[in-house]
file model-v8.txt (compact mmCIF, N, CA and C atoms)
# COMPACT_ATOMS: atom_id res chain seq x y z
N ASP A 16 96.72 47.04 2.90
CA ASP A 16 96.55 48.05 1.87
C ASP A 16 96.26 47.41 0.52
N ASP A 17 96.91 46.26 0.27
CA ASP A 17 96.66 45.54 -0.98
C ASP A 17 95.22 45.04 -1.02
N THR A 18 94.72 44.62 0.13
CA THR A 18 93.34 44.13 0.22
C THR A 18 92.35 45.24 -0.06
N GLN A 19 92.61 46.43 0.49
CA GLN A 19 91.72 47.57 0.25
C GLN A 19 91.72 47.96 -1.22
N ALA A 20 92.87 47.93 -1.85
CA ALA A 20 92.95 48.26 -3.27
C ALA A 20 92.21 47.22 -4.10
N GLN A 21 92.35 45.96 -3.71
CA GLN A 21 91.65 44.90 -4.44
C GLN A 21 90.14 45.07 -4.31
N ILE A 22 89.66 45.41 -3.11
CA ILE A 22 88.22 45.62 -2.91
C ILE A 22 87.76 46.84 -3.68
N ALA A 23 88.55 47.91 -3.69
CA ALA A 23 88.17 49.14 -4.39
C ALA A 23 88.07 48.91 -5.90
N ASP A 24 88.93 48.04 -6.43
CA ASP A 24 88.92 47.77 -7.88
C ASP A 24 87.85 46.78 -8.29
N CYS A 25 87.28 46.07 -7.33
CA CYS A 25 86.33 45.00 -7.62
C CYS A 25 84.95 45.57 -8.00
N GLU A 26 84.29 44.92 -8.95
CA GLU A 26 82.94 45.32 -9.34
C GLU A 26 81.91 44.94 -8.28
N CYS A 27 82.01 43.74 -7.75
CA CYS A 27 81.08 43.23 -6.74
C CYS A 27 81.78 43.21 -5.39
N LYS A 28 81.76 44.34 -4.72
CA LYS A 28 82.53 44.49 -3.48
C LYS A 28 82.06 43.56 -2.37
N VAL A 29 80.76 43.40 -2.23
CA VAL A 29 80.24 42.56 -1.15
C VAL A 29 80.67 41.12 -1.34
N GLU A 30 80.53 40.61 -2.55
CA GLU A 30 80.92 39.24 -2.81
C GLU A 30 82.43 39.05 -2.66
N CYS A 31 83.19 40.07 -3.02
CA CYS A 31 84.64 40.01 -2.88
C CYS A 31 85.04 39.92 -1.40
N VAL A 32 84.44 40.75 -0.57
CA VAL A 32 84.73 40.72 0.87
C VAL A 32 84.27 39.39 1.46
N PHE A 33 83.11 38.91 1.03
CA PHE A 33 82.61 37.62 1.50
C PHE A 33 83.62 36.51 1.19
N GLN A 34 84.11 36.51 -0.03
CA GLN A 34 85.07 35.48 -0.43
C GLN A 34 86.37 35.62 0.35
N MET A 35 86.80 36.85 0.59
CA MET A 35 88.04 37.07 1.35
C MET A 35 87.90 36.57 2.79
N ILE A 36 86.76 36.82 3.40
CA ILE A 36 86.53 36.36 4.77
C ILE A 36 86.56 34.83 4.81
N GLN A 37 85.91 34.21 3.86
CA GLN A 37 85.93 32.74 3.83
C GLN A 37 87.34 32.21 3.62
N GLN A 38 88.10 32.89 2.77
CA GLN A 38 89.46 32.43 2.50
C GLN A 38 90.34 32.58 3.74
N VAL A 39 90.18 33.67 4.47
CA VAL A 39 90.95 33.87 5.70
C VAL A 39 90.62 32.78 6.72
N VAL A 40 89.34 32.46 6.84
CA VAL A 40 88.94 31.41 7.79
C VAL A 40 89.54 30.07 7.38
N VAL A 41 89.44 29.73 6.10
CA VAL A 41 89.99 28.45 5.63
C VAL A 41 91.51 28.41 5.81
N ASP A 42 92.20 29.50 5.50
CA ASP A 42 93.66 29.53 5.67
C ASP A 42 94.04 29.36 7.14
N ASN A 43 93.26 29.93 8.03
CA ASN A 43 93.58 29.83 9.46
C ASN A 43 93.19 28.48 10.05
N ILE A 44 92.36 27.73 9.38
CA ILE A 44 92.09 26.35 9.81
C ILE A 44 93.34 25.50 9.57
N GLU A 45 93.96 25.70 8.41
CA GLU A 45 95.14 24.92 8.06
C GLU A 45 96.33 25.24 8.95
N THR A 46 96.43 26.49 9.41
CA THR A 46 97.56 26.88 10.27
C THR A 46 97.26 26.67 11.74
N LYS A 47 96.11 26.08 12.05
CA LYS A 47 95.69 25.76 13.41
C LYS A 47 95.42 27.00 14.28
N VAL A 48 95.19 28.14 13.64
CA VAL A 48 94.80 29.33 14.41
C VAL A 48 93.37 29.16 14.89
N LEU A 49 92.52 28.63 14.02
CA LEU A 49 91.14 28.35 14.38
C LEU A 49 90.99 26.87 14.69
N SER A 50 91.32 26.50 15.88
CA SER A 50 91.22 25.09 16.27
C SER A 50 89.92 24.89 17.05
N ILE A 51 88.81 24.94 16.32
CA ILE A 51 87.50 24.72 16.93
C ILE A 51 86.85 23.51 16.27
N ALA A 52 85.80 23.04 16.89
CA ALA A 52 85.12 21.85 16.39
C ALA A 52 84.52 22.11 15.00
N PRO A 53 84.60 21.14 14.10
CA PRO A 53 84.06 21.32 12.75
C PRO A 53 82.58 21.71 12.70
N PRO A 54 81.70 21.19 13.57
CA PRO A 54 80.30 21.63 13.49
C PRO A 54 80.13 23.12 13.77
N ILE A 55 80.93 23.64 14.70
CA ILE A 55 80.84 25.07 14.99
C ILE A 55 81.35 25.88 13.82
N LEU A 56 82.43 25.43 13.21
CA LEU A 56 82.99 26.13 12.06
C LEU A 56 82.05 26.08 10.86
N SER A 57 81.42 24.93 10.64
CA SER A 57 80.48 24.85 9.52
C SER A 57 79.28 25.76 9.75
N ARG A 58 78.90 25.90 11.01
CA ARG A 58 77.79 26.82 11.33
C ARG A 58 78.17 28.25 11.01
N SER A 59 79.42 28.62 11.23
CA SER A 59 79.85 29.98 10.89
C SER A 59 79.79 30.21 9.38
N PHE A 60 80.16 29.19 8.60
CA PHE A 60 80.05 29.30 7.14
C PHE A 60 78.58 29.43 6.72
N GLN A 61 77.70 28.68 7.39
CA GLN A 61 76.27 28.78 7.08
C GLN A 61 75.74 30.19 7.38
N GLU A 62 76.17 30.75 8.49
CA GLU A 62 75.72 32.10 8.86
C GLU A 62 76.25 33.15 7.87
N LEU A 63 77.48 32.99 7.44
CA LEU A 63 78.01 33.90 6.42
C LEU A 63 77.19 33.80 5.13
N GLY A 64 76.89 32.59 4.72
CA GLY A 64 76.08 32.39 3.51
C GLY A 64 74.69 32.97 3.67
N ALA A 65 74.10 32.81 4.85
CA ALA A 65 72.76 33.37 5.09
C ALA A 65 72.80 34.89 5.05
N GLY A 66 73.89 35.48 5.55
CA GLY A 66 74.03 36.93 5.49
C GLY A 66 74.12 37.43 4.06
N LEU A 67 74.88 36.72 3.22
CA LEU A 67 74.99 37.11 1.81
C LEU A 67 73.65 36.94 1.10
N LEU A 68 72.92 35.89 1.43
CA LEU A 68 71.60 35.68 0.84
C LEU A 68 70.65 36.81 1.23
N THR A 69 70.68 37.24 2.48
CA THR A 69 69.85 38.34 2.93
C THR A 69 70.22 39.64 2.21
N TYR A 70 71.50 39.84 2.00
CA TYR A 70 71.95 41.01 1.24
C TYR A 70 71.35 41.02 -0.17
N HIS A 71 71.39 39.87 -0.83
CA HIS A 71 70.86 39.80 -2.19
C HIS A 71 69.33 39.99 -2.21
N GLU A 72 68.64 39.49 -1.20
CA GLU A 72 67.19 39.69 -1.12
C GLU A 72 66.87 41.18 -0.95
N ALA A 73 67.63 41.87 -0.10
CA ALA A 73 67.41 43.30 0.11
C ALA A 73 67.75 44.09 -1.16
N LYS A 74 68.75 43.64 -1.87
CA LYS A 74 69.13 44.31 -3.12
C LYS A 74 68.03 44.18 -4.17
N LYS A 75 67.38 43.01 -4.19
CA LYS A 75 66.26 42.83 -5.11
C LYS A 75 65.13 43.81 -4.79
N LEU A 76 64.84 43.97 -3.50
CA LEU A 76 63.79 44.90 -3.10
C LEU A 76 64.11 46.32 -3.52
N ALA A 77 65.37 46.67 -3.49
CA ALA A 77 65.77 48.04 -3.83
C ALA A 77 65.63 48.32 -5.32
N TYR A 78 65.79 47.30 -6.16
CA TYR A 78 65.81 47.54 -7.60
C TYR A 78 64.52 47.19 -8.34
N VAL A 79 63.59 46.49 -7.71
CA VAL A 79 62.34 46.15 -8.36
C VAL A 79 61.34 47.27 -8.08
N PRO A 80 60.89 47.97 -9.13
CA PRO A 80 59.97 49.09 -8.90
C PRO A 80 58.56 48.62 -8.55
N PHE A 81 57.83 49.50 -7.91
CA PHE A 81 56.43 49.24 -7.56
C PHE A 81 55.61 49.26 -8.85
N PRO A 82 54.69 48.32 -9.05
CA PRO A 82 53.92 48.27 -10.31
C PRO A 82 53.10 49.55 -10.52
N ARG A 83 53.23 50.14 -11.69
CA ARG A 83 52.57 51.41 -11.98
C ARG A 83 51.04 51.29 -11.99
N HIS A 84 50.52 50.19 -12.48
CA HIS A 84 49.07 50.01 -12.53
C HIS A 84 48.49 49.95 -11.12
N TYR A 85 49.18 49.25 -10.24
CA TYR A 85 48.72 49.17 -8.86
C TYR A 85 48.75 50.56 -8.21
N LEU A 86 49.81 51.30 -8.47
CA LEU A 86 49.92 52.66 -7.94
C LEU A 86 48.80 53.55 -8.48
N PHE A 87 48.51 53.46 -9.77
CA PHE A 87 47.44 54.26 -10.37
C PHE A 87 46.09 53.95 -9.74
N PHE A 88 45.77 52.67 -9.62
CA PHE A 88 44.47 52.30 -9.05
C PHE A 88 44.37 52.65 -7.57
N THR A 89 45.46 52.57 -6.85
CA THR A 89 45.44 52.97 -5.44
C THR A 89 45.12 54.45 -5.31
N ILE A 90 45.78 55.28 -6.10
CA ILE A 90 45.51 56.72 -6.05
C ILE A 90 44.10 57.02 -6.54
N PHE A 91 43.66 56.30 -7.57
CA PHE A 91 42.30 56.50 -8.09
C PHE A 91 41.26 56.20 -7.01
N ILE A 92 41.43 55.11 -6.30
CA ILE A 92 40.49 54.74 -5.24
C ILE A 92 40.52 55.76 -4.11
N LEU A 93 41.70 56.23 -3.75
CA LEU A 93 41.80 57.23 -2.69
C LEU A 93 41.13 58.55 -3.08
N VAL A 94 41.29 58.96 -4.32
CA VAL A 94 40.65 60.20 -4.78
C VAL A 94 39.13 60.03 -4.81
N CYS A 95 38.66 58.89 -5.32
CA CYS A 95 37.21 58.64 -5.34
C CYS A 95 36.65 58.63 -3.91
N GLU A 96 37.40 58.01 -3.01
CA GLU A 96 36.96 57.98 -1.61
C GLU A 96 36.89 59.38 -1.04
N ALA A 97 37.89 60.22 -1.37
CA ALA A 97 37.90 61.60 -0.86
C ALA A 97 36.76 62.43 -1.46
N LEU A 98 36.32 62.09 -2.67
CA LEU A 98 35.24 62.85 -3.30
C LEU A 98 33.85 62.38 -2.88
N PHE A 99 33.66 61.08 -2.69
CA PHE A 99 32.32 60.55 -2.46
C PHE A 99 31.96 60.34 -0.98
N VAL A 100 32.93 60.14 -0.12
CA VAL A 100 32.64 59.93 1.29
C VAL A 100 31.95 61.14 1.92
N PRO A 101 32.34 62.38 1.61
CA PRO A 101 31.61 63.51 2.21
C PRO A 101 30.11 63.49 1.89
N TRP A 102 29.76 63.10 0.68
CA TRP A 102 28.34 63.04 0.31
C TRP A 102 27.63 61.94 1.08
N MET A 103 28.28 60.79 1.20
CA MET A 103 27.66 59.69 1.94
C MET A 103 27.54 60.02 3.43
N MET A 104 28.53 60.68 3.98
CA MET A 104 28.48 61.06 5.39
C MET A 104 27.41 62.11 5.63
N ALA A 105 27.21 62.99 4.66
CA ALA A 105 26.15 64.01 4.81
C ALA A 105 24.78 63.35 4.83
N ILE A 106 24.63 62.25 4.09
CA ILE A 106 23.35 61.56 4.06
C ILE A 106 23.13 60.73 5.33
N TYR A 107 24.16 60.03 5.80
CA TYR A 107 23.98 59.05 6.87
C TYR A 107 24.26 59.58 8.29
N THR A 108 24.78 60.77 8.44
CA THR A 108 25.02 61.31 9.77
C THR A 108 24.12 62.51 10.00
N LYS A 109 23.95 62.83 11.27
CA LYS A 109 23.13 63.99 11.62
C LYS A 109 24.05 65.15 11.96
N GLY A 110 23.99 66.19 11.21
CA GLY A 110 24.78 67.37 11.49
C GLY A 110 26.03 67.46 10.64
N GLU A 111 26.44 68.70 10.44
CA GLU A 111 27.61 68.96 9.59
C GLU A 111 28.91 68.61 10.31
N VAL A 112 28.94 68.81 11.63
CA VAL A 112 30.17 68.57 12.38
C VAL A 112 30.52 67.08 12.37
N SER A 113 29.55 66.23 12.62
CA SER A 113 29.84 64.80 12.62
C SER A 113 30.19 64.31 11.21
N ALA A 114 29.55 64.84 10.18
CA ALA A 114 29.88 64.46 8.81
C ALA A 114 31.31 64.88 8.48
N PHE A 115 31.67 66.09 8.88
CA PHE A 115 33.04 66.56 8.64
C PHE A 115 34.05 65.70 9.40
N PHE A 116 33.76 65.42 10.67
CA PHE A 116 34.69 64.66 11.51
C PHE A 116 34.91 63.25 10.95
N TYR A 117 33.84 62.54 10.63
CA TYR A 117 33.98 61.17 10.11
C TYR A 117 34.66 61.17 8.74
N THR A 118 34.33 62.13 7.91
CA THR A 118 34.96 62.21 6.59
C THR A 118 36.44 62.49 6.72
N PHE A 119 36.77 63.50 7.55
CA PHE A 119 38.17 63.86 7.71
C PHE A 119 38.98 62.70 8.27
N CYS A 120 38.47 62.04 9.29
CA CYS A 120 39.20 60.93 9.91
C CYS A 120 39.42 59.78 8.92
N GLY A 121 38.39 59.41 8.19
CA GLY A 121 38.52 58.31 7.23
C GLY A 121 39.48 58.62 6.10
N VAL A 122 39.32 59.80 5.51
CA VAL A 122 40.17 60.19 4.39
C VAL A 122 41.62 60.35 4.85
N PHE A 123 41.80 61.03 5.99
CA PHE A 123 43.15 61.24 6.50
C PHE A 123 43.83 59.91 6.80
N LEU A 124 43.13 58.98 7.43
CA LEU A 124 43.70 57.69 7.78
C LEU A 124 44.15 56.92 6.54
N LEU A 125 43.32 56.87 5.52
CA LEU A 125 43.68 56.11 4.31
C LEU A 125 44.85 56.75 3.57
N TRP A 126 44.87 58.09 3.47
CA TRP A 126 45.99 58.75 2.80
C TRP A 126 47.27 58.58 3.62
N PHE A 127 47.15 58.64 4.94
CA PHE A 127 48.31 58.45 5.80
C PHE A 127 48.89 57.05 5.62
N LEU A 128 48.04 56.04 5.62
CA LEU A 128 48.50 54.67 5.41
C LEU A 128 49.15 54.50 4.04
N ASN A 129 48.61 55.18 3.04
CA ASN A 129 49.20 55.10 1.71
C ASN A 129 50.60 55.70 1.69
N PHE A 130 50.79 56.85 2.35
CA PHE A 130 52.11 57.47 2.37
C PHE A 130 53.11 56.66 3.20
N VAL A 131 52.65 56.03 4.27
CA VAL A 131 53.54 55.17 5.05
C VAL A 131 53.96 53.97 4.20
N ALA A 132 53.02 53.37 3.48
CA ALA A 132 53.36 52.24 2.62
C ALA A 132 54.33 52.66 1.51
N THR A 133 54.16 53.86 0.98
CA THR A 133 55.07 54.36 -0.05
C THR A 133 56.47 54.55 0.53
N ALA A 134 56.55 55.06 1.75
CA ALA A 134 57.86 55.26 2.38
C ALA A 134 58.53 53.93 2.69
N LEU A 135 57.74 52.92 3.05
CA LEU A 135 58.31 51.61 3.38
C LEU A 135 58.60 50.77 2.15
N ASP A 136 58.09 51.20 0.99
CA ASP A 136 58.27 50.43 -0.23
C ASP A 136 59.74 50.24 -0.57
N ASN A 137 60.53 51.29 -0.42
CA ASN A 137 61.96 51.19 -0.69
C ASN A 137 62.73 51.82 0.46
N PRO A 138 63.22 51.00 1.36
CA PRO A 138 63.93 51.57 2.51
C PRO A 138 65.32 52.08 2.18
N PHE A 139 65.76 51.94 0.94
CA PHE A 139 67.11 52.34 0.57
C PHE A 139 67.17 53.70 -0.11
N THR A 140 66.08 54.47 -0.08
CA THR A 140 66.10 55.78 -0.70
C THR A 140 66.96 56.72 0.11
N LYS A 141 67.51 57.72 -0.55
CA LYS A 141 68.34 58.71 0.13
C LYS A 141 67.47 59.93 0.43
N GLU A 142 66.97 59.98 1.63
CA GLU A 142 66.17 61.11 2.09
C GLU A 142 66.68 61.54 3.45
N ALA A 143 66.14 62.62 3.95
CA ALA A 143 66.61 63.16 5.22
C ALA A 143 66.33 62.21 6.38
N ARG A 144 65.26 61.42 6.30
CA ARG A 144 64.89 60.57 7.43
C ARG A 144 65.51 59.18 7.38
N THR A 145 66.31 58.88 6.36
CA THR A 145 66.91 57.56 6.25
C THR A 145 68.26 57.54 6.96
N LEU A 146 68.68 56.36 7.32
CA LEU A 146 69.98 56.19 7.97
C LEU A 146 71.10 56.36 6.95
N GLU A 147 72.18 56.93 7.40
CA GLU A 147 73.35 57.04 6.55
C GLU A 147 74.16 55.75 6.68
N ALA A 148 74.09 54.93 5.66
CA ALA A 148 74.76 53.63 5.72
C ALA A 148 76.27 53.79 5.81
N SER A 149 76.83 54.82 5.18
CA SER A 149 78.29 55.00 5.21
C SER A 149 78.77 55.31 6.62
N ILE A 150 78.03 56.12 7.36
CA ILE A 150 78.41 56.44 8.74
C ILE A 150 78.32 55.20 9.61
N ASN A 151 77.24 54.44 9.46
CA ASN A 151 77.09 53.20 10.24
C ASN A 151 78.18 52.20 9.89
N GLN A 152 78.53 52.10 8.61
CA GLN A 152 79.58 51.17 8.21
C GLN A 152 80.93 51.60 8.77
N ARG A 153 81.21 52.90 8.77
CA ARG A 153 82.46 53.40 9.32
C ARG A 153 82.56 53.08 10.81
N GLU A 154 81.46 53.28 11.54
CA GLU A 154 81.43 52.96 12.97
C GLU A 154 81.67 51.47 13.20
N LEU A 155 80.99 50.63 12.42
CA LEU A 155 81.17 49.19 12.55
C LEU A 155 82.61 48.79 12.28
N ASN A 156 83.22 49.38 11.25
CA ASN A 156 84.61 49.07 10.93
C ASN A 156 85.54 49.47 12.07
N GLN A 157 85.26 50.63 12.70
CA GLN A 157 86.09 51.06 13.83
C GLN A 157 85.97 50.08 14.99
N HIS A 158 84.76 49.61 15.26
CA HIS A 158 84.58 48.64 16.34
C HIS A 158 85.30 47.33 16.03
N LEU A 159 85.21 46.88 14.79
CA LEU A 159 85.87 45.63 14.41
C LEU A 159 87.40 45.77 14.47
N GLU A 160 87.92 46.93 14.03
CA GLU A 160 89.36 47.15 14.11
C GLU A 160 89.82 47.16 15.57
N GLN A 161 89.02 47.74 16.43
CA GLN A 161 89.38 47.76 17.84
C GLN A 161 89.39 46.36 18.43
N LEU A 162 88.47 45.51 17.99
CA LEU A 162 88.47 44.13 18.47
C LEU A 162 89.70 43.37 18.01
N LEU A 163 90.21 43.69 16.83
CA LEU A 163 91.36 42.98 16.29
C LEU A 163 92.68 43.43 16.91
N GLN A 164 92.70 44.55 17.58
CA GLN A 164 93.96 45.04 18.17
C GLN A 164 94.28 44.37 19.48
call {"tool": "encode", "arguments": {"input": "model-v8.txt", "output": "structure tokens"}}
result
Amino acid sequence: DDTQAQIADCECKVECVFQMIQQVVVDNIETKVLSIAPPILSRSFQELGAGLLTYHEAKKLAYVPFPRHYLFFTIFILVCEALFVPWMMAIYTKGEVSAFFYTFCGVFLLWFLNFVATALDNPFTKEARTLEASINQRELNQHLEQLLQ
């Protein structure tokens, strides 16, 4: 309970938990609870550090916004393509149906790819289609508690 209160009061919760895990491992080395070979133990510390590094990389992705100029020019190019491709297709294809089909497919594909890229730009947004991290974390904690019993 004291540990939970300490984590709740901490500003940097992830780093606090990381440090606590490392401290528990080091304390249990001294008490001979973890009597494993040093290379294996050092590898576990390396993996913990790599996990924290990955967390910080993902956090950077979440907070760095997409450049506005790039977004403006992308939309500008897509709008120009939607306006001018029908005219070019009318000139280079035979018949209205084929011009409509090729125009629709090209324009739809590019706009679709743009919206997919926008959705993938920040995977940490809170929308209906995103995963609920709190539910996943609660499940993981339950599994870990069960392993410790």
call {"tool": "closest_residue", "arguments": {"input": "model-v8.txt", "among": "A:Gln34, A:Thr89, A:Thr46, A:Gln21", "to": "A:Thr133", "atoms": "only C-alpha atoms"}}
result
A:Thr89
call {"tool": "residues_around", "arguments": {"input": "model-v8.txt", "residues": "stretch 17-19 of chain A", "least_positions_apart": "5", "cutoff": "10 Å", "atoms": "only C-alpha atoms", "output": "ChimeraX atom specification"}}
result
/A:24-25,32,35
call {"tool": "write_last_selection", "arguments": {"input": "model-v8.txt", "atoms": "N, CA and C atoms", "output": "PDB file, in the frame of the given file"}}
result
ATOM      1  N   ASP A  24      88.930  48.040  -6.430  1.00  0.00           N
ATOM      2  CA  ASP A  24      88.920  47.770  -7.880  1.00  0.00           C
ATOM      3  C   ASP A  24      87.850  46.780  -8.290  1.00  0.00           C
ATOM      4  N   CYS A  25      87.280  46.070  -7.330  1.00  0.00           N
ATOM      5  CA  CYS A  25      86.330  45.000  -7.620  1.00  0.00           C
ATOM      6  C   CYS A  25      84.950  45.570  -8.000  1.00  0.00           C
ATOM      7  N   VAL A  32      84.440  40.750  -0.570  1.00  0.00           N
ATOM      8  CA  VAL A  32      84.730  40.720   0.870  1.00  0.00           C
ATOM      9  C   VAL A  32      84.270  39.390   1.460  1.00  0.00           C
ATOM     10  N   MET A  35      86.800  36.850   0.590  1.00  0.00           N
ATOM     11  CA  MET A  35      88.040  37.070   1.350  1.00  0.00           C
ATOM     12  C   MET A  35      87.900  36.570   2.790  1.00  0.00           C
TER      13      MET A  35
END
call {"tool": "atom_distance", "arguments": {"input": "model-v8.txt", "atom1": "atom CA of A:Glu160", "atom2": "atom CA of A:Leu67"}}
result
21.4 Å
call {"tool": "axis_aligned_box", "arguments": {"input": "model-v8.txt", "around": "stretch 63-81 of chain A", "padding_each_side": "3 Å", "output": "AutoDock Vina command-line options"}}
result
--center_x 66.8 --center_y 40.9 --center_z -0.8 --size_x 28.4 --size_y 23.1 --size_z 22.6
